[in-house]
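Participant: Contents of entry.cif (mmCIF, C-alpha atoms):
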data_run
loop_
_atom_site.label_atom_id
_atom_site.label_comp_id
_atom_site.auth_asym_id
_atom_site.auth_seq_id
_atom_site.Cartn_x
_atom_site.Cartn_y
_atom_site.Cartn_z
CA MET A 1 130.75 19.77 43.72
CA ARG A 2 130.00 23.34 42.72
CA GLU A 3 127.41 23.53 39.94
CA ASN A 4 128.54 24.28 36.40
CA ARG A 5 125.87 26.78 35.43
CA LEU A 6 126.60 26.32 31.74
CA ARG A 7 125.26 22.78 31.95
CA THR A 8 122.24 23.97 33.92
CA LEU A 9 121.38 26.57 31.30
CA TRP A 10 121.82 24.14 28.44
CA GLN A 11 119.66 21.50 30.09
CA ALA A 12 116.91 24.15 30.16
CA ASP A 13 117.63 25.00 26.47
CA GLN A 14 118.78 28.50 27.42
CA THR A 15 121.63 30.50 25.95
CA ALA A 16 124.66 31.39 28.05
CA VAL A 17 126.08 34.87 27.48
CA ASN A 18 129.85 34.73 27.64
CA GLY A 19 132.31 37.58 28.10
CA TRP A 20 135.92 37.56 26.97
CA LEU A 21 139.02 38.46 28.97
CA ALA A 22 142.18 39.60 27.17
CA ILE A 23 143.68 41.86 29.86
CA PRO A 24 146.05 40.05 32.27
CA SER A 25 144.55 41.49 35.45
CA ALA A 26 142.72 39.90 38.36
CA PHE A 27 141.03 43.22 39.08
CA SER A 28 139.65 43.67 35.57
CA ALA A 29 138.45 40.05 35.68
CA GLU A 30 136.77 40.75 39.02
CA VAL A 31 135.06 43.84 37.64
CA MET A 32 133.80 41.92 34.61
CA ALA A 33 132.62 39.00 36.74
CA HIS A 34 130.43 41.31 38.81
CA GLN A 35 128.51 42.54 35.76
CA GLY A 36 126.28 39.49 35.38
CA TRP A 37 127.91 37.42 32.63
CA ASP A 38 126.93 33.75 32.67
CA SER A 39 130.55 32.86 31.96
CA LEU A 40 133.86 34.57 31.27
CA THR A 41 136.58 33.15 29.05
CA ILE A 42 140.22 33.86 29.82
CA ASP A 43 142.01 33.95 26.47
CA MET A 44 145.44 32.35 26.62
CA GLN A 45 145.65 31.93 22.85
CA HIS A 46 145.48 35.44 21.41
CA GLY A 47 145.43 37.55 24.54
CA VAL A 48 148.52 38.65 26.50
CA ILE A 49 147.73 36.42 29.50
CA ASP A 50 150.25 33.99 30.96
CA TYR A 51 149.57 31.10 33.33
CA GLN A 52 150.15 33.00 36.57
CA ALA A 53 147.89 35.86 35.50
CA MET A 54 145.23 33.29 34.56
CA VAL A 55 145.31 31.81 38.07
CA GLY A 56 144.70 35.21 39.65
CA MET A 57 141.87 35.88 37.22
CA LEU A 58 140.24 32.54 38.05
CA GLN A 59 140.45 33.43 41.73
CA ALA A 60 138.78 36.78 41.06
CA ILE A 61 135.95 35.20 39.06
CA SER A 62 135.34 32.57 41.73
CA ALA A 63 133.87 35.15 44.11
CA THR A 64 130.84 35.40 41.77
CA PRO A 65 128.38 32.94 40.15
CA THR A 66 130.09 33.49 36.77
CA VAL A 67 131.48 30.28 35.27
CA PRO A 68 135.25 30.43 34.62
CA VAL A 69 136.29 29.25 31.15
CA VAL A 70 139.77 29.20 29.61
CA ARG A 71 140.71 29.19 25.96
CA VAL A 72 144.01 27.35 25.87
CA PRO A 73 146.71 28.18 23.32
CA TRP A 74 146.59 24.81 21.57
CA LEU A 75 145.68 21.14 21.77
CA GLU A 76 148.47 20.30 24.19
CA PRO A 77 147.89 18.12 27.26
CA GLY A 78 150.04 20.09 29.68
CA ILE A 79 148.21 23.41 29.45
CA LEU A 80 144.78 21.75 29.28
CA MET A 81 145.44 19.85 32.50
CA LYS A 82 147.03 22.82 34.27
CA ALA A 83 144.05 25.05 33.39
CA LEU A 84 141.69 22.46 34.87
CA ASP A 85 143.87 22.02 37.96
CA ALA A 86 143.72 25.80 38.43
CA GLY A 87 139.92 25.71 38.52
CA ALA A 88 138.64 26.24 34.98
CA TYR A 89 135.13 24.82 34.60
CA GLY A 90 135.19 25.00 30.81
CA LEU A 91 137.92 24.70 28.20
CA ILE A 92 137.88 26.05 24.65
CA CYS A 93 140.49 24.39 22.45
CA PRO A 94 141.42 26.00 19.10
CA MET A 95 141.90 24.38 15.72
CA ILE A 96 140.18 21.03 16.26
CA ASN A 97 140.28 19.75 12.69
CA THR A 98 139.79 15.98 12.88
CA ARG A 99 138.02 13.31 14.87
CA GLU A 100 141.40 12.35 16.33
CA ASP A 101 141.92 15.92 17.56
CA ALA A 102 138.55 15.84 19.31
CA GLN A 103 139.29 12.45 20.84
CA ARG A 104 142.57 13.75 22.25
CA LEU A 105 140.82 16.81 23.71
CA VAL A 106 138.30 14.60 25.49
CA ALA A 107 140.99 12.20 26.72
CA TYR A 108 143.25 14.94 28.08
CA THR A 109 140.39 16.48 30.08
CA ASN A 110 138.95 13.35 31.69
CA TYR A 111 140.31 11.27 34.54
CA ALA A 112 140.74 7.53 34.00
CA PRO A 113 139.13 5.29 32.99
CA ARG A 114 137.44 7.73 30.60
CA GLY A 115 140.60 9.66 29.78
CA THR A 116 144.26 10.31 30.52
CA ARG A 117 144.13 13.45 32.68
CA SER A 118 146.83 13.37 35.36
CA PHE A 119 145.59 13.78 38.93
CA GLY A 120 146.56 16.92 40.81
CA PRO A 121 143.60 19.37 41.13
CA ILE A 122 145.51 21.69 43.42
CA ARG A 123 143.15 24.68 43.17
CA ALA A 124 140.21 22.91 41.53
CA LEU A 125 139.51 21.20 44.85
CA LEU A 126 139.15 24.61 46.51
CA TYR A 127 136.86 25.93 43.79
CA GLY A 128 134.87 22.82 42.94
CA GLY A 129 134.66 21.10 46.32
CA ALA A 130 135.93 18.00 48.07
CA ASP A 131 134.14 15.65 45.66
CA TYR A 132 135.86 17.20 42.63
CA PRO A 133 137.83 14.03 41.82
CA GLN A 134 134.63 11.97 41.62
CA ARG A 135 132.55 14.48 39.64
CA ALA A 136 134.97 16.50 37.53
CA ASN A 137 134.51 14.41 34.39
CA GLU A 138 130.77 15.06 34.29
CA THR A 139 131.00 18.70 35.36
CA ILE A 140 133.74 20.19 33.16
CA VAL A 141 132.64 21.50 29.75
CA ARG A 142 134.79 20.84 26.67
CA PHE A 143 134.54 23.03 23.56
CA ALA A 144 136.20 22.17 20.25
CA MET A 145 136.80 25.21 18.05
CA ILE A 146 135.57 24.73 14.48
CA GLU A 147 137.41 27.31 12.41
CA THR A 148 138.87 25.73 9.28
CA ARG A 149 137.77 24.17 6.01
CA GLN A 150 139.32 20.90 7.20
CA ALA A 151 137.15 20.96 10.33
CA LEU A 152 134.07 21.54 8.16
CA ASP A 153 135.00 18.54 6.03
CA ASN A 154 135.32 16.42 9.19
CA LEU A 155 132.44 18.02 11.07
CA ASP A 156 130.22 14.99 11.62
CA ALA A 157 133.19 12.88 12.65
CA ILE A 158 134.22 15.51 15.20
CA LEU A 159 130.70 15.92 16.55
CA SER A 160 130.31 12.17 16.99
CA VAL A 161 133.13 11.96 19.56
CA GLU A 162 131.68 10.84 22.88
CA GLY A 163 132.35 13.30 25.67
CA LEU A 164 132.62 16.39 23.48
CA ASP A 165 130.13 18.83 25.00
CA ALA A 166 130.22 21.78 22.63
CA VAL A 167 131.72 23.35 19.55
CA TYR A 168 132.76 26.96 19.30
CA ILE A 169 132.93 28.85 16.03
CA GLY A 170 135.74 31.33 15.44
CA PRO A 171 134.25 33.38 12.58
CA SER A 172 137.50 35.17 11.74
CA ASP A 173 139.66 32.08 11.25
CA LEU A 174 136.79 30.27 9.55
CA SER A 175 136.46 33.24 7.19
CA LEU A 176 140.17 33.20 6.35
CA SER A 177 140.08 29.46 5.75
CA LEU A 178 137.21 29.95 3.29
CA GLY A 179 138.96 32.82 1.49
CA CYS A 180 136.80 35.56 3.02
CA ARG A 181 137.21 38.67 5.18
CA PRO A 182 138.16 37.90 8.82
CA VAL A 183 135.21 39.45 10.71
CA PHE A 184 132.92 38.40 13.56
CA ASP A 185 129.48 39.60 12.53
CA ASP A 186 128.95 40.76 8.94
CA VAL A 187 130.45 37.60 7.53
CA ASP A 188 130.55 36.82 3.82
CA PRO A 189 127.88 34.45 2.42
CA PRO A 190 130.06 31.30 2.36
CA VAL A 191 130.89 31.82 6.03
CA ALA A 192 127.26 32.51 6.95
CA GLN A 193 126.30 29.24 5.26
CA ALA A 194 129.08 27.39 7.09
CA ILE A 195 127.98 28.81 10.46
CA ASP A 196 124.39 27.70 9.85
CA HIS A 197 125.63 24.27 8.78
CA ILE A 198 127.72 23.85 11.94
CA LEU A 199 124.72 24.79 14.08
CA GLU A 200 122.44 22.36 12.27
CA ARG A 201 124.87 19.45 12.52
CA ALA A 202 125.72 20.17 16.17
CA ARG A 203 122.06 20.10 17.10
CA ALA A 204 121.61 16.85 15.20
CA HIS A 205 124.41 15.30 17.30
CA GLY A 206 123.16 16.76 20.58
CA VAL A 207 126.22 18.99 20.92
CA VAL A 208 125.94 22.61 22.08
CA ALA A 209 126.93 25.23 19.49
CA GLY A 210 128.69 28.44 20.48
CA VAL A 211 129.94 31.40 18.45
CA HIS A 212 132.04 34.54 18.84
CA ASN A 213 130.24 37.84 18.17
CA GLY A 214 131.09 41.52 18.16
CA VAL A 215 127.76 43.26 18.77
CA PRO A 216 124.62 42.42 20.79
CA GLU A 217 122.28 42.41 17.79
CA VAL A 218 124.19 39.63 16.06
CA ALA A 219 124.60 37.64 19.28
CA ARG A 220 120.84 37.89 19.90
CA ALA A 221 120.01 36.77 16.36
CA ARG A 222 122.32 33.80 16.61
CA ALA A 223 120.86 32.82 19.98
CA GLN A 224 117.40 32.93 18.42
CA LYS A 225 118.66 30.56 15.71
CA GLY A 226 119.74 28.05 18.36
CA PHE A 227 123.23 28.94 19.50
CA ARG A 228 123.39 28.25 23.23
CA PHE A 229 126.71 29.96 23.96
CA VAL A 230 127.29 33.44 22.57
CA THR A 231 130.34 35.56 23.29
CA LEU A 232 129.92 39.31 23.31
CA SER A 233 133.03 41.46 23.06
CA SER A 234 136.00 41.54 25.44
CA ASP A 235 137.24 43.57 28.37
CA ALA A 236 139.78 45.34 26.14
CA ARG A 237 137.23 46.19 23.43
CA LEU A 238 134.67 47.34 25.98
CA MET A 239 137.21 49.59 27.67
CA ALA A 240 138.25 51.11 24.34
CA ALA A 241 134.64 51.58 23.22
CA GLY A 242 133.67 53.22 26.53
CA ALA A 243 136.63 55.58 26.37
CA GLN A 244 135.83 56.51 22.77
CA GLN A 245 132.19 57.17 23.66
CA MET A 246 133.10 59.41 26.61
CA LEU A 247 135.72 61.34 24.67
CA GLY A 248 133.41 61.72 21.69
CA ALA A 249 130.64 63.09 23.88
CA LEU A 250 133.01 65.56 25.53
CA ARG A 251 134.69 66.79 22.37
CA GLY A 252 131.44 66.93 20.48
CA ALA A 253 130.03 69.28 23.13
CA ARG A 254 132.87 71.81 22.82
#
Please express the file's structure as structure tokens.

Facilitator:
Amino acid sequence: MRENRLRTLWQADQTAVNGWLAIPSAFSAEVMAHQGWDSLTIDMQHGVIDYQAMVGMLQAISATPTVPVVRVPWLEPGILMKALDAGAYGLICPMINTREDAQRLVAYTNYAPRGTRSFGPIRALLYGGADYPQRANETIVRFAMIETRQALDNLDAILSVEGLDAVYIGPSDLSLSLGCRPVFDDVDPPVAQAIDHILERARAHGVVAGVHNGVPEVARARAQKGFRFVTLSSDARLMAAGAQQMLGALRGAR
């Protein structure tokens, strides 16, 4: 089965740099995949990407070593299983608030006897290889998003679920849940403390900690703290920032 480079990096205690895809385009995904990201996450929750667009984007990414990850809209078995069948090698599931939520996530994404995933890896066989059915359970990466006060209250219970590989912090939703400004980087003190606490508890449980970032400096600092999956911006934000920079340089030279 094709290697999941996220697992390889984490086994070497290295940080994976993840990009974010919000534009429903196979070509933009292909362009991003050729830039050297360790992984790219297709956002089906807050982006404007539907299932068919996601499939084309996964196909575009598969021509590179970049690991294809999908953030699903919700903890719902149908879309989790369809994303895996389409060839996702990692899944990020939002709003995991209880141990039971985490258990369901693990069950939905594992074949029996470990879980309840239905068998039908129609494209995953092409991407992963002929032995996908035998090795998918150990190869796929499962992220539970920790982004609410309730999840913080249940953090150790969530992290203790066998088969949960990683947690992923959504700073904006976590900030809102704690009564703070919804930002990625310059978070308010209660959120900064919560982020550090999640990292510390994840490491204690042997679970990888990931976090969403807006700028390289913050992503680098969080990686130095011990985060082993850091997201840096999105295709849409990068396109807007590049356009603004070019226009600013042109107009400023008039």

Participant: To test your reading of the syntax: which residues would the PyMOL selection byres ((chain A and resi 44) around 10) return for the file shown? Reply as a ChimeraX atom specification.

Facilitator: /A:21-22,24,41-43,45-51,53-54,70-74,79

Participant: Suppose you want the space between atom CA of A:Ala136 and atom CA of A:Asn110; what is it in Å?

Facilitator: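 Calculated distance between atom CA of A:Ala136 and atom CA of A:Asn110 is 7.7 Å.
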
Participant: Taking the file as shown, find all residues satisfying the PyMOL selection byres ((chain A and resi 232) around 10) and write them as a ChimeraX atom specification.

Facilitator: /A:17-20,37,211-220,229-231,233-235,238

Participant: On this structure, which residues satisfy the PyMOL selection byres ((chain A and resi 193-208) around 8), written as a PyMOL selection string?

Facilitator: chain A and resi 10+152+155-156+159-160+164-167+169+189-192+209-210+226-229

Participant: Using all atoms listed in the file, find the one residue out of A:Leu105, A:Val183, A:Ala223, A:Ile61 that sits nearest to A:Arg142.

Facilitator: A:Leu105

Participant: Which one is closest to A:His34: A:Pro121, A:Gln134, A:Leu247, A:Ala63? Count all atoms listed in the file.

Facilitator: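 Checking each candidate against A:His34, we get A:Ala63 as the closest.
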
Participant: Given the choices A:Ala130, A:Ala83, A:Leu40, A:Val69, which gets closest to A:Thr109 if the distance is worked out from all atoms listed in the file?

Facilitator: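 Of A:Ala130, A:Ala83, A:Leu40, A:Val69, the one nearest A:Thr109 is A:Ala83, counting all atoms listed in the file.
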
Participant: Between atom CA of A:Asp85 and atom CA of A:Ala124, what is the distance, to one decimal in Å?

Facilitator: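 One can read the atom CA of A:Asp85 to atom CA of A:Ala124 distance as 5.2 Å.
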
Participant: Just how far from atom CA of A:Pro68 is atom CA of A:Gly36, in Å to one decimal?

Facilitator: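 Calculated distance between atom CA of A:Gly36 and atom CA of A:Pro68 is 12.8 Å.
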
Participant: Counting only C-alpha atoms, which of A:Gln103, A:Thr15, A:Asp188, A:Ala144 gets nearest to A:Gln224?

Facilitator: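 Under the stated criterion, the closest residue is A:Thr15.
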
Participant: Which is closer to A:Val141 than all the others in A:Ala107, A:Gly90, A:Gln59, A:Met32, using all atoms listed in the file?

Facilitator: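 Smallest separation from A:Val141 among the options: A:Gly90.
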
Participant: Excluding A:Pro182 and its own-chain neighbours fewer than 3 positions away, which residues fall within 9 Å of it when counting only C-alpha atoms? Please give them as a VMD selection string.

Facilitator: chain A and resid 171 to 176 179 187

Participant: For a quick check of understanding, using all atoms listed in the file, which of A:Ser177, A:Leu58, A:Leu6, A:Glu162 has the smallest distance to A:Ala33?

Facilitator: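 Nearest to A:Ala33: A:Leu58.
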
Participant: Residues at most 10 Å from A:Gly129, counting only C-alpha atoms, excluding those fewer than 5 positions away in the same chain, as a list in words?

Facilitator: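 Everything that qualifies: Met1, Arg2, Glu3, Arg123, Ala124, Arg135 and Ala136 of chain A.
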